[in-house]
Every structure is written in C-alpha cells, then in structure tokens.
file data.cif (mmCIF, C-alpha atoms)
data_structure
loop_
_atom_site.label_atom_id
_atom_site.label_comp_id
_atom_site.auth_asym_id
_atom_site.auth_seq_id
_atom_site.Cartn_x
_atom_site.Cartn_y
_atom_site.Cartn_z
CA MET A 1492 0.00 0.00 0.00
CA GLN A 1493 3.11 2.20 -0.31
CA ALA A 1494 1.63 4.52 -2.92
CA ASP A 1495 -1.53 5.27 -1.03
CA ARG A 1496 -0.28 5.21 2.54
CA LYS A 1497 -0.02 9.00 2.89
CA LYS A 1498 -3.58 9.50 1.63
CA VAL A 1499 -4.90 6.77 3.94
CA MET A 1500 -3.00 8.19 6.95
CA ARG A 1501 -4.36 11.68 6.28
CA LYS A 1502 -7.95 10.40 6.01
CA LEU A 1503 -7.61 8.27 9.17
CA ASN A 1504 -6.30 11.24 11.14
CA ILE A 1505 -9.23 13.36 9.93
CA ALA A 1506 -11.62 10.57 11.01
CA LYS A 1507 -9.92 10.43 14.41
CA GLY A 1508 -10.45 14.20 14.76
CA GLN A 1509 -14.12 13.75 13.86
CA LEU A 1510 -14.48 10.98 16.44
CA GLU A 1511 -12.87 13.16 19.16
CA GLY A 1512 -15.35 15.87 18.20
CA ILE A 1513 -18.23 13.41 18.68
CA ILE A 1514 -16.90 12.43 22.12
CA ARG A 1515 -16.88 16.13 23.08
CA MET A 1516 -20.45 16.48 21.73
CA VAL A 1517 -21.64 13.60 23.94
CA GLU A 1518 -19.81 15.08 26.96
CA ALA A 1519 -21.49 18.43 26.30
CA ASP A 1520 -24.87 16.64 26.06
CA ARG A 1521 -25.50 17.93 22.54
CA TYR A 1522 -28.68 17.10 20.62
CA CYS A 1523 -28.88 13.37 19.70
CA ILE A 1524 -29.72 14.03 16.05
CA ASP A 1525 -26.61 16.19 15.66
CA ILE A 1526 -24.48 13.47 17.27
CA SER A 1527 -26.04 10.85 14.97
CA THR A 1528 -25.36 13.04 11.91
CA GLN A 1529 -21.68 13.30 12.89
CA LEU A 1530 -21.52 9.54 13.57
CA MET A 1531 -22.87 8.83 10.09
CA ALA A 1532 -20.29 11.24 8.64
CA VAL A 1533 -17.36 9.48 10.33
CA ILE A 1534 -18.77 6.06 9.33
CA ALA A 1535 -18.93 7.26 5.70
CA ALA A 1536 -15.34 8.57 5.98
CA LEU A 1537 -14.07 5.23 7.31
CA LYS A 1538 -15.92 3.35 4.56
CA ALA A 1539 -14.10 5.55 2.05
CA VAL A 1540 -10.75 4.64 3.69
CA ASN A 1541 -11.71 0.97 3.51
CA ARG A 1542 -12.43 1.35 -0.22
CA ASP A 1543 -8.99 2.95 -0.69
CA VAL A 1544 -7.25 0.17 1.25
CA LEU A 1545 -9.06 -2.62 -0.64
CA THR A 1546 -8.52 -0.96 -4.03
CA ALA A 1547 -4.79 -0.58 -3.32
CA HIS A 1548 -4.71 -4.21 -2.16
CA LEU A 1549 -6.34 -5.50 -5.33
CA GLU A 1550 -4.40 -3.29 -7.74
CA HIS A 1551 -1.02 -3.94 -6.15
CA CYS A 1552 -0.82 -6.94 -3.80
CA VAL A 1553 -3.31 -9.23 -5.55
CA LEU A 1554 -2.32 -8.36 -9.10
CA ASN A 1555 1.42 -8.75 -8.35
CA SER A 1556 1.04 -11.96 -6.42
CA LEU A 1557 -1.06 -13.41 -9.20
CA GLU A 1558 1.68 -12.85 -11.69
CA SER A 1559 4.35 -14.69 -9.80
CA ALA A 1560 2.81 -16.76 -7.09
CA ASN A 1561 2.09 -20.41 -6.86
CA GLU A 1562 -1.39 -21.90 -7.08
CA GLU A 1563 -1.96 -22.09 -3.34
CA ASP A 1564 -1.04 -18.48 -2.81
CA LYS A 1565 -3.36 -17.38 -5.62
CA ALA A 1566 -6.23 -19.38 -4.14
CA GLU A 1567 -5.60 -17.81 -0.75
CA LYS A 1568 -5.60 -14.29 -2.19
CA ILE A 1569 -8.93 -15.02 -3.90
CA SER A 1570 -10.33 -16.54 -0.72
CA GLU A 1571 -9.42 -13.37 1.20
CA VAL A 1572 -11.24 -11.21 -1.35
CA VAL A 1573 -14.28 -13.50 -1.16
CA LYS A 1574 -14.40 -13.01 2.61
CA VAL A 1575 -14.17 -9.22 2.25
CA ILE A 1576 -17.02 -9.19 -0.28
CA GLU A 1577 -19.12 -11.39 2.01
CA LYS A 1578 -18.71 -8.91 4.86
CA LEU A 1579 -19.30 -5.87 2.65
CA SER A 1580 -22.45 -7.22 1.05
CA LYS A 1581 -24.35 -7.88 4.26
CA MET B 820 -21.35 -19.95 -12.66
CA GLN B 821 -22.38 -23.43 -13.85
CA ALA B 822 -22.04 -25.10 -10.48
CA ASP B 823 -24.09 -22.56 -8.58
CA ARG B 824 -26.68 -21.68 -11.19
CA LYS B 825 -29.38 -23.95 -9.78
CA LYS B 826 -28.96 -22.52 -6.28
CA VAL B 827 -29.00 -18.95 -7.60
CA MET B 828 -32.10 -19.63 -9.75
CA ARG B 829 -33.94 -21.14 -6.81
CA LYS B 830 -33.11 -18.18 -4.55
CA LEU B 831 -34.09 -15.66 -7.25
CA ASN B 832 -37.44 -17.37 -7.75
CA ILE B 833 -38.07 -17.30 -4.01
CA ALA B 834 -37.22 -13.57 -3.98
CA LYS B 835 -39.61 -13.00 -6.89
CA GLY B 836 -42.35 -14.75 -4.90
CA GLN B 837 -41.59 -12.53 -1.89
CA LEU B 838 -41.77 -9.43 -4.10
CA GLU B 839 -45.13 -10.50 -5.55
CA GLY B 840 -46.33 -10.98 -1.96
CA ILE B 841 -45.25 -7.41 -1.14
CA ILE B 842 -47.15 -6.08 -4.18
CA ARG B 843 -50.28 -7.86 -2.91
CA MET B 844 -49.70 -6.40 0.57
CA VAL B 845 -49.57 -2.86 -0.86
CA GLU B 846 -52.70 -3.52 -2.94
CA ALA B 847 -54.49 -4.76 0.19
CA ASP B 848 -53.33 -1.61 2.04
CA ARG B 849 -51.54 -3.61 4.70
CA TYR B 850 -49.74 -1.93 7.60
CA CYS B 851 -46.62 0.01 6.45
CA ILE B 852 -44.32 -1.53 9.06
CA ASP B 853 -45.25 -5.05 7.89
CA ILE B 854 -44.57 -4.04 4.26
CA SER B 855 -41.22 -2.53 5.28
CA THR B 856 -40.29 -5.70 7.18
CA GLN B 857 -40.98 -7.80 4.07
CA LEU B 858 -39.05 -5.34 1.88
CA MET B 859 -36.03 -5.65 4.17
CA ALA B 860 -36.34 -9.45 3.99
CA VAL B 861 -36.31 -9.50 0.17
CA ILE B 862 -33.41 -6.99 0.12
CA ALA B 863 -31.44 -9.31 2.45
CA ALA B 864 -32.32 -12.29 0.22
CA LEU B 865 -31.08 -10.48 -2.91
CA LYS B 866 -27.88 -9.44 -1.12
CA ALA B 867 -27.30 -13.13 -0.33
CA VAL B 868 -27.77 -13.99 -4.03
CA ASN B 869 -25.29 -11.24 -4.95
CA ARG B 870 -22.76 -12.73 -2.52
CA ASP B 871 -23.24 -16.16 -4.16
CA VAL B 872 -22.80 -14.71 -7.67
CA LEU B 873 -19.66 -12.76 -6.72
CA THR B 874 -18.13 -15.67 -4.81
CA ALA B 875 -18.71 -17.99 -7.79
CA HIS B 876 -17.21 -15.34 -10.08
CA LEU B 877 -14.06 -14.98 -7.98
CA GLU B 878 -13.57 -18.69 -7.31
CA HIS B 879 -14.15 -19.77 -10.90
CA CYS B 880 -13.96 -17.00 -13.53
CA VAL B 881 -11.29 -14.82 -11.89
CA LEU B 882 -9.11 -17.64 -10.59
CA ASN B 883 -9.21 -19.49 -13.95
CA SER B 884 -8.59 -16.43 -16.06
CA LEU B 885 -5.68 -15.47 -13.83
CA GLU B 886 -4.00 -18.77 -14.51
CA SER B 887 -4.08 -18.55 -18.25
CA ALA B 888 -4.85 -15.03 -19.29
CA ASN B 889 -2.67 -12.26 -20.58
CA GLU B 890 -1.76 -9.20 -18.54
CA GLU B 891 -4.50 -6.99 -19.92
CA ASP B 892 -7.20 -9.50 -19.17
CA LYS B 893 -5.93 -9.95 -15.60
CA ALA B 894 -5.90 -6.20 -15.04
CA GLU B 895 -9.46 -5.96 -16.36
CA LYS B 896 -10.67 -8.75 -14.05
CA ILE B 897 -9.09 -6.95 -11.09
CA SER B 898 -10.59 -3.63 -12.20
CA GLU B 899 -14.07 -5.22 -12.30
CA VAL B 900 -13.64 -6.53 -8.75
CA VAL B 901 -12.48 -3.08 -7.60
CA LYS B 902 -15.67 -1.54 -9.01
CA VAL B 903 -17.84 -4.14 -7.26
CA ILE B 904 -16.11 -3.48 -3.93
CA GLU B 905 -16.51 0.27 -4.39
CA LYS B 906 -20.27 -0.16 -4.86
CA LEU B 907 -20.62 -2.63 -1.98
CA SER B 908 -18.71 -0.51 0.52
CA LYS B 909 -20.82 2.62 0.18
CA MET C 1115 -50.11 5.05 2.76
CA GLN C 1116 -53.04 6.12 0.53
CA ALA C 1117 -51.27 9.08 -1.01
CA ASP C 1118 -48.14 7.21 -1.99
CA ARG C 1119 -49.60 3.85 -2.88
CA LYS C 1120 -49.59 4.44 -6.64
CA LYS C 1121 -45.95 5.54 -6.62
CA VAL C 1122 -44.96 2.55 -4.47
CA MET C 1123 -46.91 0.12 -6.71
CA ARG C 1124 -45.28 1.53 -9.84
CA LYS C 1125 -41.78 1.21 -8.34
CA LEU C 1126 -42.45 -2.34 -7.07
CA ASN C 1127 -43.64 -3.43 -10.51
CA ILE C 1128 -40.51 -1.95 -12.10
CA ALA C 1129 -38.39 -3.85 -9.53
CA LYS C 1130 -40.28 -7.06 -10.34
CA GLY C 1131 -39.50 -6.52 -14.02
CA GLN C 1132 -35.82 -6.01 -13.18
CA LEU C 1133 -35.81 -9.20 -11.12
CA GLU C 1134 -37.41 -11.19 -13.97
CA GLY C 1135 -34.69 -9.77 -16.24
CA ILE C 1136 -32.03 -11.04 -13.82
CA ILE C 1137 -33.61 -14.52 -13.79
CA ARG C 1138 -33.41 -14.54 -17.61
CA MET C 1139 -29.76 -13.40 -17.43
CA VAL C 1140 -28.90 -16.32 -15.12
CA GLU C 1141 -30.79 -18.76 -17.40
CA ALA C 1142 -28.84 -17.42 -20.38
CA ASP C 1143 -25.58 -17.88 -18.40
CA ARG C 1144 -24.68 -14.21 -18.72
CA TYR C 1145 -21.46 -12.78 -17.27
CA CYS C 1146 -21.47 -12.81 -13.43
CA ILE C 1147 -20.37 -9.19 -13.12
CA ASP C 1148 -23.31 -8.06 -15.29
CA ILE C 1149 -25.71 -10.13 -13.17
CA SER C 1150 -24.22 -8.65 -9.98
CA THR C 1151 -24.57 -5.11 -11.37
CA GLN C 1152 -28.27 -5.71 -12.07
CA LEU C 1153 -28.75 -7.28 -8.62
CA MET C 1154 -27.25 -4.19 -6.99
CA ALA C 1155 -29.58 -2.01 -9.11
CA VAL C 1156 -32.71 -3.87 -7.99
CA ILE C 1157 -31.49 -3.84 -4.35
CA ALA C 1158 -31.05 -0.05 -4.60
CA ALA C 1159 -34.54 0.25 -6.14
CA LEU C 1160 -36.12 -1.76 -3.30
CA LYS C 1161 -34.25 0.32 -0.71
CA ALA C 1162 -35.78 3.41 -2.31
CA VAL C 1163 -39.27 1.84 -2.03
CA ASN C 1164 -38.57 1.05 1.63
CA ARG C 1165 -37.60 4.69 2.22
CA ASP C 1166 -40.89 5.79 0.60
CA VAL C 1167 -42.94 3.36 2.70
CA LEU C 1168 -41.23 4.39 5.96
CA THR C 1169 -41.46 8.11 5.18
CA ALA C 1170 -45.19 7.76 4.44
CA HIS C 1171 -45.61 5.78 7.66
CA LEU C 1172 -43.90 8.42 9.77
CA GLU C 1173 -45.52 11.42 8.11
CA HIS C 1174 -49.03 9.99 8.16
CA CYS C 1175 -49.58 7.00 10.49
CA VAL C 1176 -47.16 7.96 13.26
CA LEU C 1177 -47.87 11.68 13.23
CA ASN C 1178 -51.66 11.12 13.23
CA SER C 1179 -51.63 8.45 15.88
CA LEU C 1180 -49.48 10.66 18.08
CA GLU C 1181 -52.04 13.41 17.99
CA SER C 1182 -54.94 11.31 19.13
CA ALA C 1183 -53.69 8.09 20.58
CA ASN C 1184 -53.28 6.91 24.11
CA GLU C 1185 -49.90 6.50 25.80
CA GLU C 1186 -49.58 2.79 25.09
CA ASP C 1187 -50.26 3.23 21.41
CA LYS C 1188 -47.69 6.05 21.17
CA ALA C 1189 -45.07 3.93 22.91
CA GLU C 1190 -45.78 1.06 20.52
CA LYS C 1191 -45.45 3.31 17.47
CA ILE C 1192 -42.08 4.55 18.77
CA SER C 1193 -40.99 0.99 19.53
CA GLU C 1194 -41.76 -0.04 15.94
CA VAL C 1195 -39.66 2.83 14.58
CA VAL C 1196 -36.80 1.87 16.93
CA LYS C 1197 -36.86 -1.67 15.52
CA VAL C 1198 -36.81 -0.39 11.94
CA ILE C 1199 -33.82 1.87 12.69
CA GLU C 1200 -32.01 -1.03 14.38
CA LYS C 1201 -32.41 -3.15 11.25
CA LEU C 1202 -31.47 -0.33 8.88
CA SER C 1203 -28.33 0.67 10.76
CA LYS C 1204 -26.67 -2.75 10.71
CA MET D 1131 -29.57 10.89 26.40
CA GLN D 1132 -28.72 11.12 30.12
CA ALA D 1133 -29.38 7.47 30.88
CA ASP D 1134 -27.25 6.11 28.08
CA ARG D 1135 -24.47 8.67 28.02
CA LYS D 1136 -22.01 6.56 30.00
CA LYS D 1137 -22.52 3.55 27.74
CA VAL D 1138 -22.14 5.69 24.62
CA MET D 1139 -18.99 7.39 25.98
CA ARG D 1140 -17.44 4.03 26.80
CA LYS D 1141 -18.17 2.63 23.36
CA LEU D 1142 -16.86 5.78 21.63
CA ASN D 1143 -13.62 5.62 23.60
CA ILE D 1144 -13.20 1.96 22.63
CA ALA D 1145 -13.79 2.92 18.98
CA LYS D 1146 -11.20 5.70 19.28
CA GLY D 1147 -8.70 3.15 20.62
CA GLN D 1148 -9.47 0.84 17.68
CA LEU D 1149 -8.94 3.72 15.24
CA GLU D 1150 -5.60 4.61 16.83
CA GLY D 1151 -4.64 0.95 16.48
CA ILE D 1152 -5.50 1.10 12.76
CA ILE D 1153 -3.35 4.23 12.33
CA ARG D 1154 -0.42 2.35 13.91
CA MET D 1155 -1.09 -0.63 11.59
CA VAL D 1156 -0.89 1.63 8.52
CA GLU D 1157 2.30 3.25 9.85
CA ALA D 1158 3.80 -0.20 10.37
CA ASP D 1159 2.79 -1.13 6.80
CA ARG D 1160 0.69 -4.07 7.96
CA TYR D 1161 -1.16 -6.35 5.53
CA CYS D 1162 -4.05 -4.54 3.77
CA ILE D 1163 -6.59 -7.27 4.50
CA ASP D 1164 -5.84 -7.05 8.24
CA ILE D 1165 -6.24 -3.25 8.11
CA SER D 1166 -9.53 -3.63 6.21
CA THR D 1167 -10.80 -6.17 8.77
CA GLN D 1168 -10.08 -3.72 11.60
CA LEU D 1169 -11.71 -0.87 9.65
CA MET D 1170 -14.87 -2.95 9.22
CA ALA D 1171 -14.82 -3.72 12.96
CA VAL D 1172 -14.63 -0.05 13.95
CA ILE D 1173 -17.34 0.83 11.38
CA ALA D 1174 -19.60 -1.85 12.93
CA ALA D 1175 -18.82 -0.48 16.42
CA LEU D 1176 -19.75 3.08 15.38
CA LYS D 1177 -22.96 1.83 13.75
CA ALA D 1178 -23.85 0.21 17.09
CA VAL D 1179 -23.24 3.55 18.87
CA ASN D 1180 -25.45 5.26 16.29
CA ARG D 1181 -28.21 2.74 17.00
CA ASP D 1182 -27.89 3.46 20.74
CA VAL D 1183 -28.03 7.24 20.19
CA LEU D 1184 -31.07 7.02 17.90
CA THR D 1185 -32.90 4.57 20.16
CA ALA D 1186 -32.34 6.85 23.16
CA HIS D 1187 -33.50 9.81 21.08
CA LEU D 1188 -36.72 8.11 20.05
CA GLU D 1189 -37.52 6.60 23.43
CA HIS D 1190 -36.83 9.76 25.41
CA CYS D 1191 -36.66 13.00 23.37
CA VAL D 1192 -39.25 12.13 20.70
CA LEU D 1193 -41.71 10.35 22.99
CA ASN D 1194 -41.55 13.14 25.60
CA SER D 1195 -41.81 15.96 23.13
CA LEU D 1196 -44.77 14.26 21.50
CA GLU D 1197 -46.65 14.23 24.75
CA SER D 1198 -46.36 17.90 25.45
CA ALA D 1199 -45.28 19.72 22.36
CA ASN D 1200 -47.16 21.79 19.88
CA GLU D 1201 -47.96 20.63 16.36
CA GLU D 1202 -44.99 22.31 14.72
CA ASP D 1203 -42.53 20.78 17.12
CA LYS D 1204 -44.03 17.31 16.59
CA ALA D 1205 -43.82 17.69 12.82
CA GLU D 1206 -40.19 18.76 13.14
CA LYS D 1207 -39.32 15.77 15.32
CA ILE D 1208 -40.91 13.44 12.75
CA SER D 1209 -39.12 15.22 9.90
CA GLU D 1210 -35.77 14.67 11.67
CA VAL D 1211 -36.48 10.95 12.04
CA VAL D 1212 -37.47 10.76 8.34
CA LYS D 1213 -34.10 12.28 7.38
CA VAL D 1214 -32.22 9.79 9.59
CA ILE D 1215 -34.09 6.85 8.03
CA GLU D 1216 -33.38 8.18 4.54
CA LYS D 1217 -29.65 8.26 5.29
CA LEU D 1218 -29.64 4.86 6.98
CA SER D 1219 -31.54 3.10 4.21
CA LYS D 1220 -29.18 4.03 1.38
#
call {"tool": "encode", "arguments": {"input": "data.cif", "output": "structure tokens"}}
result
Amino acid sequence: MQADRKKVMRKLNIAKGQLEGIIRMVEADRYCIDISTQLMAVIAALKAVNRDVLTAHLEHCVLNSLESANEEDKAEKISEVVKVIEKLSK
Amino acid sequence: MQADRKKVMRKLNIAKGQLEGIIRMVEADRYCIDISTQLMAVIAALKAVNRDVLTAHLEHCVLNSLESANEEDKAEKISEVVKVIEKLSK
Amino acid sequence: MQADRKKVMRKLNIAKGQLEGIIRMVEADRYCIDISTQLMAVIAALKAVNRDVLTAHLEHCVLNSLESANEEDKAEKISEVVKVIEKLSK
Amino acid sequence: MQADRKKVMRKLNIAKGQLEGIIRMVEADRYCIDISTQLMAVIAALKAVNRDVLTAHLEHCVLNSLESANEEDKAEKISEVVKVIEKLSK
C-alpha cells in the first residue's frame, strides 16, 4: 500500500479528529440528532478509507502476487477477497 | 457460474415470490411496518444472491482467467472486482 | 399510505420486471459481473421503495396516531420505529 | 440521552482506541486485508453507537416531546427521524 499510505493516513487522522469531536459532543450533552449526523459522517469517511485500502490491495498486492505466485497463494488471495465481499455485502 | 446456477435460480425465484407478496400487501393496504419488514427481507435475500454470484465469479472465472490469461485480461478482471467493492462498501 | 400507494406500486412493478430480467440473465448464463450489477440495481430500487414506505408511515400513520392516541399506542409506534432503525443501521 | 451517556462514551472511547490501532497498523505497513478487517470492525462499532443514540433519542426525546409539544414541534421531530431513516436506508 506504499503509494496510497499517505492518503490513507491523512484520512484516518481526519476521522480520528471527527471521532474526538463526537466524544466532546456527547460530553457536552449535545442534541442526539446532531451526534447521529456526525456519527454517520465518520462512518462514511471510514468506509471511504476501507475502499482505498481494498482498491490498493487488489491493484497492487493481488495483481502482483497473481503474476508470480504459486497456485496455493493465488487461491488464498482469492479466498481473502471472497471473505471481504461477504462482509461488505451484508 | 455453472455449479451454482441452480442454487442462484432457486433463490431468485423465491425472492420473486416474496416481491409478488409485497405487491399484494400494498394492494391490500396492509400496515406500512409489515410491508417494510418484508421489503427488508427480500433486500437481504437479494444481497445473499449477490454474494453467491460474486463468490462464484471470484472462485471460478477470476481464478481461472488469472492462470491462463494475458496481462490486460488480468488487469481488467481486477478492475471489475475493484468496481464491485466500491459499490458494496458505500 | 393512501397518497403514496400508486408511486410505491409503480416502483415495485418496475423492480419485479428487473428481477425477472435477472432470472433470464442467469438462465442465459450471462457474465457474473453483469448479473451482480443488475442485482445491486434492484437492491437499490427496493431500498428506495422502503424509504418511501417508511417516510409515508412516519408522516401519516405515526404523526396522526401521536395526535390522538393513548400513551400505550404512542409507545408502541415509537418501539416499531426503533426496531426499523435497528435493522437499517446494521 | 442522560441514561445512556455513559454507555455511549465508553463505546466511543473503545472505537477511538481501535482507530488509533488502525493508524499504527498503517504506519507499520501491515497487511491490507488485516487493516480492512479492523476498519470494518470499527465501522460496525460506530454503527452500534449510532443505534444506541437514535434509540435513546426516540424513546426519550421524541416520545416526551410528542406528549407535550405543539404541532410544529411534533412535525419537526418526525421530519428529523425521516431524514435519519433516509440516510440509513441508502
């Protein structure tokens, strides 16, 4: 994930800032709907990071390994992607 | 998808039956919450079919193509999976 | 759901047509990725119907019942909405 | 959200710890699939917090306001819940 690490780190740090903001909102007893709106925003942000991580994985790790690797390794890479898709599509 | 076609067809026909049931519920002016519950059930059923289709695709089509195919074809297969994951993870 | 029934019926019939199209695609052994794309389209369409049904429920049934109903009935209406939100937010 | 604030705060602090762990994983260049698995875990944890916040909102704020409030305020409360459901059901 070399190429995309900086982008991912930046987005994760923004998400962490959002989450700290939500913690302060709960401490300050802010309106539930506003807290929920911020929670949905940070969830959407983390989903976007997950997309970046998985895209980088497929375009680099999986593609490279598939070019060189042995059969077992290929099957394992595919099996990992299957598991990710199973979780995502629930 | 040879191997899994029968299972997928059976599940799709069940989902179609559920959807026809929902149409009858709306016609009969049934309670909204009951209609919504049935809608969520058919959505969950179709998500399960989608998981089956994508798993079969990865375990057969992608794995096979990766063993024989040229570089361009591999990259296209990966690109298709990336697009699926992007849609699923929204 | 009087006011929105026609719209909901029209959308459900379109979704049924999409689903029948998907069944034909599987019968014709069409490419998995194309089948998955259509499945995600019909899932999105049914989610939109569910939003319509729940919005109509809240804006008519819940709002009306809350103006006239007794405490128990109000609490039950709220409890139903809580259950819907629990399912939706998984 | 008085009654549930402690539970929500505890869960948010756990989620923050998970997110900091993910940041360290990215810094340490850990395997993408492991990072993605942790991201999906923290997303699921934040969805659970969102469910708690919305349930508390409905069972306390909405129910109370509906017992005393004027028509406009009721309609606004319902409209807020409609918007939440629209976001959740995408």
call {"tool": "atom_distance", "arguments": {"input": "data.cif", "atom1": "CA of Asp1203 (chain D)", "atom2": "CA of Ala1162 (chain C)"}}
result
26.9 Å
call {"tool": "residues_near_point", "arguments": {"input": "data.cif", "point": "(-26.6, -15.7, -0.7)", "cutoff": "10 Å", "atoms": "all atoms listed in the file", "output": "MDAnalysis selection string"}}
result
(chainID A and resid 1577 1580:1581) or (chainID B and resid 826:827 830:831 863:874)
call {"tool": "residues_around", "arguments": {"input": "data.cif", "residues": "Gly1508 (chain A)", "least_positions_apart": "4", "cutoff": "12 Å", "atoms": "all atoms listed in the file", "output": "list in words"}}
result
Arg1501, Lys1502, Leu1503, Asn1504, Gly1512, Ile1513, Ile1514, Arg1515, Gln1529, Ala1532, Val1533 and Ala1536 of chain A; Lys1146, Leu1149 and Glu1150 of chain D
call {"tool": "interface_residues", "arguments": {"input": "data.cif", "of": "chain B", "to": "chain D", "cutoff": "12 Å", "atoms": "all atoms listed in the file", "output": "list in words"}}
result
Ser855, Leu858, Met859, Ile862, Lys906, Leu907, Ser908 and Lys909 of chain B
call {"tool": "atom_distance", "arguments": {"input": "data.cif", "atom1": "CA of Glu1201 (chain D)", "atom2": "CA of Asn1184 (chain C)"}}
result
16.6 Å
call {"tool": "closest_residue", "arguments": {"input": "data.cif", "among": "B:Met828, B:Cys851, B:Ile904, B:Ala894", "to": "Val881 (chain B)", "atoms": "all atoms listed in the file"}}
result
B:Ala894
call {"tool": "resolve_selection", "arguments": {"input": "data.cif", "expression": "the PyMOL selection byres ((chain D and resi 1188) around 12)", "output": "PyMOL selection string"}}
result
(chain A and resi 1523-1524) or (chain C and resi 1188-1200) or (chain D and resi 1131+1181-1187+1189-1196+1207-1208+1210-1211+1214)
call {"tool": "atom_distance", "arguments": {"input": "data.cif", "atom1": "CA of Gln1132 (chain C)", "atom2": "CA of Arg1144 (chain C)"}}
result
14.9 Å
